[in-house]
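Trainee: So I've got this file, target32.txt, and it contains compact mmCIF, C-alpha atoms:
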# COMPACT_ATOMS: atom_id res chain seq x y z
CA MET J 1 123.19 134.18 112.32
CA SER J 2 121.68 133.17 115.61
CA LEU J 3 119.79 129.91 115.63
CA ASN J 4 117.99 129.14 118.85
CA TYR J 5 118.73 125.38 118.91
CA THR J 6 120.68 123.22 121.30
CA GLU J 7 123.52 121.10 119.94
CA GLU J 8 121.32 118.01 120.38
CA GLU J 9 118.52 119.62 118.35
CA LEU J 10 120.93 120.66 115.59
CA ASN J 11 122.28 117.11 115.45
CA LEU J 12 118.74 115.75 115.12
CA LEU J 13 117.95 118.26 112.37
CA ALA J 14 121.21 117.43 110.54
CA ASN J 15 120.89 113.65 110.91
CA THR J 16 117.22 113.20 110.02
CA PRO J 17 117.48 113.92 106.25
CA HIS J 18 120.25 111.30 105.98
CA ILE J 19 118.13 108.84 107.95
CA ILE J 20 115.09 109.48 105.77
CA GLY J 21 117.09 108.66 102.65
CA ALA J 22 118.68 105.58 104.19
CA ALA J 23 115.30 104.30 105.39
CA MET J 24 113.89 104.73 101.88
CA ALA J 25 116.89 102.90 100.40
CA PHE J 26 116.31 99.93 102.69
CA ALA J 27 112.52 99.95 102.20
CA GLY J 28 112.78 98.66 98.66
CA SER J 29 114.19 95.43 97.34
CA SER J 30 116.79 96.92 95.04
CA GLY J 31 119.54 94.44 95.76
CA LEU J 32 123.07 95.37 96.66
CA PHE J 33 123.79 97.42 93.53
CA GLY J 34 120.46 99.24 93.62
CA THR J 35 120.73 100.03 97.32
CA GLY J 36 124.24 101.36 96.70
CA LYS J 37 122.87 103.67 93.99
CA GLU J 38 120.11 104.79 96.34
CA MET J 39 122.60 105.59 99.11
CA PHE J 40 124.68 107.63 96.65
CA THR J 41 121.51 109.50 95.62
CA ASN J 42 120.78 110.05 99.31
CA ALA J 43 124.14 111.77 99.85
CA GLN J 44 123.69 113.91 96.75
CA ALA J 45 120.13 114.89 97.68
CA VAL J 46 121.14 115.83 101.23
CA MET J 47 124.00 118.01 100.02
CA ALA J 48 121.73 119.62 97.39
CA GLY J 49 120.11 121.47 100.29
CA ILE J 50 123.07 123.88 100.27
CA LYS J 51 122.38 124.88 96.69
CA ASP J 52 118.60 124.54 96.68
CA TYR J 53 117.98 126.58 99.86
CA PRO J 54 120.73 129.22 99.96
CA ASN J 55 118.64 131.62 102.07
CA ASN J 56 117.53 129.05 104.66
CA ALA J 57 119.76 129.70 107.67
CA LEU J 58 118.78 126.43 109.32
CA ILE J 59 119.65 124.21 106.34
CA GLN J 60 122.86 126.15 105.76
CA ALA J 61 123.81 125.75 109.43
CA ILE J 62 123.30 121.98 109.60
CA LEU J 63 125.07 121.08 106.37
CA PRO J 64 128.87 121.16 106.05
CA ASP J 65 130.42 124.07 104.16
CA VAL J 66 132.02 122.10 101.32
CA LYS J 67 133.37 125.26 99.69
CA GLY J 68 135.14 126.35 102.86
CA ASP J 69 137.53 124.39 105.03
CA ALA J 70 137.32 120.78 103.75
CA SER J 71 138.72 119.39 106.99
CA ALA J 72 136.12 121.22 109.07
CA ALA J 73 133.35 120.08 106.72
CA LEU J 74 134.48 116.46 107.03
CA ASP J 75 134.71 116.76 110.82
CA LYS J 76 131.16 118.17 110.93
CA MET J 77 129.83 115.29 108.81
CA LYS J 78 131.60 112.70 110.98
CA LYS J 79 130.31 114.30 114.18
CA VAL J 80 126.70 114.15 113.01
CA ARG J 81 127.13 110.60 111.68
CA ASP J 82 128.74 109.41 114.93
CA TRP J 83 125.98 111.09 116.96
CA GLY J 84 123.31 109.31 114.89
CA VAL J 85 125.02 105.92 115.03
CA ALA J 86 125.46 106.12 118.81
CA ARG J 87 121.84 107.17 119.23
CA TYR J 88 120.48 104.30 117.13
CA LYS J 89 122.78 101.80 118.87
CA ALA J 90 121.51 103.01 122.26
CA LYS J 91 117.95 102.39 121.03
CA ALA J 92 118.93 98.83 119.94
CA VAL J 93 118.04 99.46 116.31
CA ASP J 94 119.11 96.20 114.71
CA SER J 95 116.72 95.66 111.79
CA ALA J 96 115.36 97.54 108.81
CA GLU J 97 111.93 97.64 110.45
CA LYS J 98 113.27 99.23 113.65
CA PHE J 99 115.38 101.63 111.57
CA GLN J 100 112.32 102.75 109.61
CA ALA J 101 110.26 103.12 112.80
CA GLU J 102 112.98 105.27 114.38
CA ALA J 103 113.23 107.36 111.19
CA VAL J 104 109.50 108.08 111.39
CA ALA J 105 109.81 108.89 115.11
CA ASP J 106 112.67 111.28 114.32
CA CYS J 107 110.51 112.95 111.66
CA LYS J 108 107.79 113.53 114.27
CA ALA J 109 110.37 115.01 116.66
CA VAL J 110 111.75 117.24 113.90
CA ALA J 111 108.28 118.46 112.93
CA ALA J 112 107.54 119.37 116.56
CA LEU J 113 110.90 121.10 116.90
CA LEU J 114 110.40 123.07 113.70
CA ALA J 115 106.91 124.11 114.82
CA THR J 116 108.30 125.65 117.99
CA LYS J 117 111.66 127.08 116.89
CA ALA J 118 111.80 127.66 113.13
CA SER J 119 110.19 130.39 111.10
CA PRO J 120 107.31 129.14 108.95
CA GLN J 121 109.44 129.52 105.80
CA GLU J 122 112.44 127.70 107.31
CA ALA J 123 110.21 124.87 108.51
CA SER J 124 108.43 124.55 105.17
CA GLU J 125 111.69 124.52 103.21
CA TYR J 126 113.29 122.00 105.57
CA LYS J 127 110.28 119.69 105.13
CA GLN J 128 110.30 120.15 101.34
CA TRP J 129 114.00 119.30 101.30
CA ALA J 130 113.53 116.22 103.51
CA MET J 131 110.62 114.91 101.45
CA SER J 132 112.52 115.51 98.20
CA ILE J 133 115.33 113.32 99.58
CA ALA J 134 112.84 110.51 100.26
CA GLU J 135 111.36 110.83 96.79
CA LYS J 136 114.69 111.03 94.96
CA VAL J 137 116.01 107.94 96.74
CA ALA J 138 112.83 105.96 96.04
CA MET J 139 112.92 106.92 92.37
CA THR J 140 116.59 105.99 91.85
CA THR J 141 116.09 102.34 90.94
CA THR J 142 113.29 99.99 90.01
CA GLU J 143 112.12 97.44 92.54
CA GLY J 144 111.21 93.88 91.64
CA SER J 145 112.83 93.91 88.22
CA PHE J 146 114.72 91.03 86.63
CA LEU J 147 117.98 92.05 84.95
CA GLY J 148 116.68 95.58 84.66
CA PHE J 149 113.38 94.60 83.02
CA GLY J 150 110.02 95.24 84.61
CA GLY J 151 109.59 96.33 88.16
CA GLU J 152 108.32 99.61 89.47
CA ARG J 153 110.02 102.89 90.20
CA PHE J 154 108.22 103.57 93.50
CA SER J 155 107.53 100.25 95.22
CA ALA J 156 104.65 99.52 97.57
CA ASN J 157 107.04 99.36 100.56
CA GLU J 158 108.58 102.70 99.58
CA LYS J 159 105.14 104.28 99.12
CA GLN J 160 104.10 103.05 102.57
CA LEU J 161 107.24 104.44 104.24
CA PHE J 162 106.97 107.68 102.26
CA SER J 163 103.40 108.08 103.51
CA GLN J 164 104.49 107.47 107.12
CA ILE J 165 107.32 110.02 106.81
CA GLU J 166 105.01 112.49 105.13
CA SER J 167 102.46 112.10 107.93
CA ALA J 168 105.14 112.45 110.61
CA MET J 169 106.52 115.60 108.97
CA GLY J 170 103.04 117.05 108.42
CA THR J 171 103.51 117.64 104.69
CA GLN J 172 101.14 117.41 101.76
CA SER J 173 101.54 114.59 99.27
CA MET J 174 104.34 115.13 96.80
CA GLN J 175 103.62 111.82 95.04
CA ALA J 176 100.81 111.70 92.52
Could you quickly redo this structure as structure tokens?

Mentor:
Amino acid sequence: MSLNYTEEELNLLANTPHIIGAAMAFAGSSGLFGTGKEMFTNAQAVMAGIKDYPNNALIQAILPDVKGDASAALDKMKKVRDWGVARYKAKAVDSAEKFQAEAVADCKAVAALLATKASPQEASEYKQWAMSIAEKVAMTTTEGSFLGFGGERFSANEKQLFSQIESAMGTQSMQA
């Protein structure tokens, strides 16, 4: 497999799906327990890319090979995480609002990168995968409920962020 991406570009492509999910988790008002559930869903949805897109060389390249060398997979995940943390610290991201704005900016950068370097199928599948992560995280818990009663599955704040991510990625609406 020969992907024509720099290490920096691959890190951006690997980090952005995680960031999308985290931004969605923090967009709602799920409380500590709900946000924890959403972050767990985020990790599951990101890793589902391996199974859901087995023929997408890009997605396979940016996700750790969990069936191979576990140590190497863990090192790869840590490297991407550390790259993302350092990048967001350098940009002085210190609030949920700044985090969400940077996530949207990263989505725009990813869409531009995919348009120039990925095949149309790889780009489309990457975007589908990224948007499915956003949707799965948003749908994990209800927002604004009291003791589990009432509330809504896809809050207004989540819908707004989803729309911004969708626009940045250049995808059609997945939410009815």

Trainee: Which is closer to Glu135 (chain J) than all the others in J:Ser163, J:Gln100, J:Ser71, J:Gln121, using all atoms listed in the file?

Mentor: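 Among J:Ser163, J:Gln100, J:Ser71, J:Gln121, it is J:Ser163 that comes nearest to Glu135 (chain J).
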
Trainee: So, counting all atoms listed in the file, which residue among J:Lys51, J:Ala134, J:Lys67, J:Lys127 is closest to Ala112 (chain J)?

Mentor: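 For Ala112 (chain J), the nearest of the candidates is J:Lys127.
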
Trainee: Please indicate the distance in Å from CA of Pro120 (chain J) to CA of Ile50 (chain J), rounded to one decimal place.

Mentor: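 Taking CA of Pro120 (chain J) as the start and CA of Ile50 (chain J) as the end point, the length is 18.7 Å.
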
Trainee: Any chance you could tabulate, as a tab-separated table, the residues of region 86-114 of chain J at most 7 Å from region 12-26 of chain J with each one's nearest atom pair and distance in Å to one decimal, using all atoms listed in the file, in chain and rising number order?

Mentor:
residue	atom	partner	partner_atom	distance
J:Ala96	CA	J:Phe26	CA	6.6
J:Phe99	CA	J:Ala23	CA	6.7
J:Gln100	CA	J:Ala23	CA	5.4
J:Ala103	CA	J:Ile19	CA	6.1
J:Asp106	CA	J:Thr16	CA	6.5
J:Cys107	CA	J:Thr16	CA	6.9
J:Val110	CA	J:Leu13	CA	6.5

Trainee: Would you please work out which residue, of J:Met169, J:Val93, J:Leu161, J:Ala43, is nearest to Ala130 (chain J) when using all atoms listed in the file?

Mentor: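 Looking at the shortest contact to Ala130 (chain J), the residue is J:Met169.
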